[in-house]
Amino acid sequence: MTIHLFDTMAGATRELVPLEPGHIRIYTCGPTVYGPAHVGNFRTLAASDLLVRYLRYRGYHVTWVMNVTDIDDKIIKRAREEGISVGELASHYELQFLSDLDTIGIARPDVMPRATEHIPQMVELIQKLLAGGHAYVTDDGSIFFRISSWPEYGRLARIDPEGMRVGERVQADEYGKDDVRDFALWKGPSADEPSWDTAIGRGRPGWHIECSAMSTTYLGQPFDIHTGGIDLVFPHHEDEIAQSEAATGKTFVACWFHCGFLQMGGQKMAKSLGNIASVGEVLARGVSSRALRLALISAHYRTPLAFGDESLQAASSAVDRLDALLGALAAYRTDRPDDASLPLLLGATRAAFEAALDDDLNMSPALAAVFDLVRELNRRIDARTLSAADAGRAIAFIRDLDRVLAIAPAAEDRLEPELQLLLDERAAARTGSDWAASDRLRIVLAERGILVEDTRDGQRWRRAE
RNA sequence: GGCGACGUACCCAAGUGGUUAAGGGGGAGGUCUGCAAAACCUCUAUUCGGCGGUUCGAUCCCGCCCGUCGCCUCCA
């Protein structure tokens, strides 16, 4: 089987054929670091992470680049409001962003280029556009892309430039445009804004140009997959294509991967609607980070996904179920021969898991395969048909699939010595059928955040989250 | 107005032109168990927004209608 992905440009699901055999290059539109990102933002990043993880699981070498937009109108405005420098504000929220990525189990991209550190690359691209007649300079020193010079404009979003509805607002930096639909490549200098002295004059970059410049700097052109939220299709990605292809004459990206919205209250989660939740807020409500991750990846990435207390609760329960199984397998002790049918079960699970994810990362059936396995393994634990070695094989198998899912608990979790003493004390009490002491110690441990369960394999503990 | 997505049980959410319509959560009953928890078993959509059409047969294909959401403007 080969991996198939939906490509927005083609409007269809296609086989993923690496431009370079065995190597896949991916660029993801990252955060604008002017405030805390919300979990809707992270849904898209989690989908991109899932893509990267699955490709690696499948044996591909993946180079993943995600930009950090550390200069733009919103950052400047916010920094001014808070009375700090643009650099201070941006680095503060960049750190928070990285921390949130770790929390959700999103792998760190291989490269996270900052816009402000790639001004020369952007300038070079803009120079090519000017030379090719695709861009023009206005009186205030701004430079715009001339949409009329690029007949392909609108292909990704399936928009006819002639039919574009023109916005009501006219911003200061848009004065002087030849056509209202043209977009800024470079913004002329303003006294109270950061600016750079460059070969194309003093100023600062527009938004779209950074992604064109930084993606191809690190991944070349064309590269395999460009990911982002569905709302970036237009105009952001359309503009990236226009810039990159007009400047070089080469195809920009082979496959466009767009993630659907996270919805809260039946609507897109968005700052403007106010229906947002940050990672910190979700965790503060007592939801584990692994449950949050599962909630974000539990549906197919292109469909709208309902988010809220109910989805978080469901994800928490599902994670607990997985934890309970792993705990039971780890504690499992019995003296009997290997279960001859276990390899078949694991093989069938892997086949179903991979078939689902090969099909445009179809998570629902992939998770169904995992939870079918959970039930079947619990049955075999109850029936005592596994050998102790089988239990170890099952754990290793689940952890192998978890390279993609990243929802399983940390592998080696050792109890603190003083808590282990309490647990040992309780085991001794139970051997002597001292139920009162047993119950008391269970409560004491619970107060320390350790939930103890008694099984025929002895005591089993897990951390309350 | 233009373009697009979607409407499956109490909630979330897969899926297929005809076999038992996944899985998770929740609920009800049961088994096991010193208790608790976990786990397991049974039940919880004769039905897939509505109306027509194509077909031997449609939830799945086509048309219309209703409803929801999104993009066209910063936006994951």
# chains A, B, ... in the order shown; residues from 1 in each chain; ligands from 1
>>> select_by_dssp(residues="stretch 49-213 of chain A", states="alpha helix (DSSP H)", output="PyMOL selection string")
chain A and resi 49-57+73-82+86-104+119-131+207-213
>>> residues_around(residues="stretch 406-412 of chain A", least_positions_apart="4", cutoff="12 Å", atoms="only C-alpha atoms (C1' of nucleotides)", output="compact mmCIF listing (two decimals) with N, CA and C atoms, in the first residue's frame")
# COMPACT_ATOMS: atom_id res chain seq x y z
N ALA A 46 -1.27 19.80 15.05
CA ALA A 46 -1.31 18.39 15.44
C ALA A 46 -1.54 17.52 14.20
N ASP A 49 1.70 17.36 12.47
CA ASP A 49 2.56 16.48 13.27
C ASP A 49 2.22 15.02 13.01
N LEU A 50 0.94 14.74 12.93
CA LEU A 50 0.48 13.39 12.65
C LEU A 50 1.00 12.93 11.30
N ARG A 53 4.71 12.31 11.69
CA ARG A 53 4.94 11.09 12.45
C ARG A 53 4.62 9.84 11.63
N TYR A 54 3.52 9.91 10.89
CA TYR A 54 3.15 8.73 10.12
C TYR A 54 4.15 8.46 9.00
N TYR A 57 7.05 6.90 10.59
CA TYR A 57 6.68 5.52 10.95
C TYR A 57 6.77 4.63 9.72
N ASP A 102 5.18 21.11 22.98
CA ASP A 102 5.65 19.97 23.75
C ASP A 102 4.50 19.34 24.53
N THR A 103 3.68 20.19 25.10
CA THR A 103 2.56 19.70 25.90
C THR A 103 1.64 18.81 25.07
N ILE A 104 1.37 19.23 23.86
CA ILE A 104 0.43 18.48 23.02
C ILE A 104 1.10 17.30 22.32
N GLY A 105 2.40 17.18 22.52
CA GLY A 105 3.08 16.04 21.90
C GLY A 105 3.34 16.25 20.43
N ILE A 106 3.43 17.49 20.04
CA ILE A 106 3.77 17.79 18.66
C ILE A 106 5.29 17.83 18.58
N ALA A 107 5.84 17.00 17.70
CA ALA A 107 7.29 16.93 17.58
C ALA A 107 7.85 18.30 17.20
N SER A 288 -5.90 16.16 30.97
CA SER A 288 -4.49 15.81 30.76
C SER A 288 -4.06 16.22 29.36
N SER A 289 -2.76 16.45 29.23
CA SER A 289 -2.26 16.88 27.93
C SER A 289 -2.47 15.79 26.88
N ARG A 290 -2.42 14.54 27.32
CA ARG A 290 -2.61 13.46 26.35
C ARG A 290 -4.06 13.40 25.89
N ALA A 291 -4.98 13.69 26.80
CA ALA A 291 -6.39 13.71 26.41
C ALA A 291 -6.63 14.87 25.45
N LEU A 292 -6.00 15.98 25.71
CA LEU A 292 -6.15 17.12 24.80
C LEU A 292 -5.65 16.75 23.41
N ARG A 293 -4.49 16.10 23.37
CA ARG A 293 -3.97 15.70 22.06
C ARG A 293 -4.95 14.77 21.35
N LEU A 294 -5.45 13.79 22.09
CA LEU A 294 -6.38 12.84 21.46
C LEU A 294 -7.63 13.57 20.95
N ALA A 295 -8.11 14.51 21.74
CA ALA A 295 -9.30 15.25 21.32
C ALA A 295 -9.03 15.99 20.00
N LEU A 296 -7.80 16.46 19.84
CA LEU A 296 -7.48 17.23 18.63
C LEU A 296 -7.26 16.35 17.41
N ILE A 297 -6.85 15.11 17.62
CA ILE A 297 -6.54 14.27 16.45
C ILE A 297 -7.57 13.17 16.22
N SER A 298 -8.64 13.16 16.99
CA SER A 298 -9.52 11.99 16.94
C SER A 298 -10.43 11.93 15.72
N ALA A 315 -12.29 12.02 25.37
CA ALA A 315 -10.88 11.72 25.09
C ALA A 315 -10.17 11.27 26.37
N SER A 316 -10.50 11.90 27.49
CA SER A 316 -9.88 11.51 28.76
C SER A 316 -10.20 10.07 29.08
N ALA A 318 -11.01 7.72 27.03
CA ALA A 318 -10.35 6.84 26.07
C ALA A 318 -8.88 6.65 26.44
N VAL A 319 -8.23 7.75 26.84
CA VAL A 319 -6.83 7.67 27.25
C VAL A 319 -6.69 6.79 28.51
N ASP A 320 -7.63 6.96 29.44
CA ASP A 320 -7.61 6.14 30.66
C ASP A 320 -7.72 4.66 30.30
N ARG A 321 -8.55 4.39 29.32
CA ARG A 321 -8.77 3.00 28.91
C ARG A 321 -7.47 2.40 28.37
N LEU A 322 -6.77 3.19 27.59
CA LEU A 322 -5.49 2.73 27.06
C LEU A 322 -4.48 2.54 28.20
N ASP A 323 -4.45 3.51 29.11
CA ASP A 323 -3.53 3.42 30.24
C ASP A 323 -3.80 2.17 31.07
N ALA A 324 -5.09 1.91 31.29
CA ALA A 324 -5.45 0.76 32.11
C ALA A 324 -4.97 -0.53 31.46
N LEU A 325 -5.09 -0.60 30.15
CA LEU A 325 -4.63 -1.80 29.46
C LEU A 325 -3.11 -1.95 29.59
N LEU A 326 -2.40 -0.86 29.35
CA LEU A 326 -0.93 -0.93 29.43
C LEU A 326 -0.51 -1.31 30.84
N GLY A 327 -1.22 -0.79 31.83
CA GLY A 327 -0.92 -1.12 33.22
C GLY A 327 -1.17 -2.60 33.47
N ALA A 330 1.52 -4.68 31.87
CA ALA A 330 2.79 -4.59 32.58
C ALA A 330 2.77 -5.43 33.85
N LEU A 367 -8.03 4.59 14.88
CA LEU A 367 -8.27 4.50 16.32
C LEU A 367 -9.20 3.34 16.64
N VAL A 370 -7.16 0.35 16.97
CA VAL A 370 -6.44 0.33 18.24
C VAL A 370 -7.37 -0.09 19.38
N ILE A 395 2.66 -4.81 24.68
CA ILE A 395 3.06 -3.46 25.07
C ILE A 395 3.96 -2.85 24.00
N ALA A 396 4.93 -3.62 23.55
CA ALA A 396 5.86 -3.12 22.54
C ALA A 396 5.10 -2.75 21.26
N PHE A 397 4.11 -3.56 20.93
CA PHE A 397 3.32 -3.30 19.72
C PHE A 397 2.55 -1.99 19.83
N ILE A 398 1.89 -1.81 20.97
CA ILE A 398 1.11 -0.58 21.15
C ILE A 398 2.03 0.64 21.14
N ARG A 399 3.18 0.48 21.77
CA ARG A 399 4.11 1.62 21.79
C ARG A 399 4.65 1.91 20.39
N ASP A 400 4.71 0.90 19.57
CA ASP A 400 5.16 1.13 18.20
C ASP A 400 4.12 1.96 17.45
N LEU A 401 2.86 1.60 17.58
CA LEU A 401 1.81 2.41 16.93
C LEU A 401 1.78 3.80 17.53
N ASP A 402 2.12 3.88 18.80
CA ASP A 402 2.07 5.17 19.49
C ASP A 402 3.16 6.14 19.02
N ARG A 462 -1.61 3.99 39.15
CA ARG A 462 -1.43 4.98 38.07
C ARG A 462 -1.61 6.36 38.67
N ARG A 463 -1.07 7.32 37.98
CA ARG A 463 -1.15 8.69 38.48
C ARG A 463 -2.48 9.31 38.08
N GLU A 465 -4.65 12.27 36.89
CA GLU A 465 -4.27 13.45 36.09
C GLU A 465 -5.36 14.50 36.11
>>> interface_residues(of="chain B", to="chain A", cutoff="9 Å", atoms="only C-alpha atoms (C1' of nucleotides)", output="NGL selection string")
:B and (2-3 or 5-6 or 11-14 or 22-26 or 33-40 or 68-76)
>>> atom_distance(atom1="atom CA of A:Thr334", atom2="atom CA of A:Leu346")
20.3 Å
>>> select_by_dssp(residues="stretch 112-338 of chain A", states="strand (DSSP E or B)", output="JSON, numbers by chain")
{"A": [114, 135, 136, 137, 143, 144, 145, 183, 184, 185, 186, 187, 196, 197, 198, 201, 202, 203, 204, 205, 223, 224, 225, 226, 227, 228, 229, 253, 254, 255, 256, 257, 258, 259, 262, 263, 264, 267, 268, 278, 305, 306]}
>>> atom_distance(atom1="atom CA of A:Arg336", atom2="atom CA of A:Ala348")
23.6 Å
>>> residues_around(residues="A:Gly188", least_positions_apart="3", cutoff="12 Å", atoms="only C-alpha atoms (C1' of nucleotides)", output="PyMOL selection string")
chain A and resi 137-144+172-176+184-185+191-198+200-206
>>> closest_residue(among="B:G17, B:G52, B:G1, B:G7", to="B:C66", atoms="only C-alpha atoms (C1' of nucleotides)")
B:G7
>>> atom_distance(atom1="atom CA of A:Gly83", atom2="atom CA of A:Thr116")
20.1 Å
>>> residues_around(residues="B:A45", least_positions_apart="3", cutoff="12 Å", atoms="only C-alpha atoms (C1' of nucleotides)", output="PyMOL selection string")
chain B and resi 8-10+21+48+59
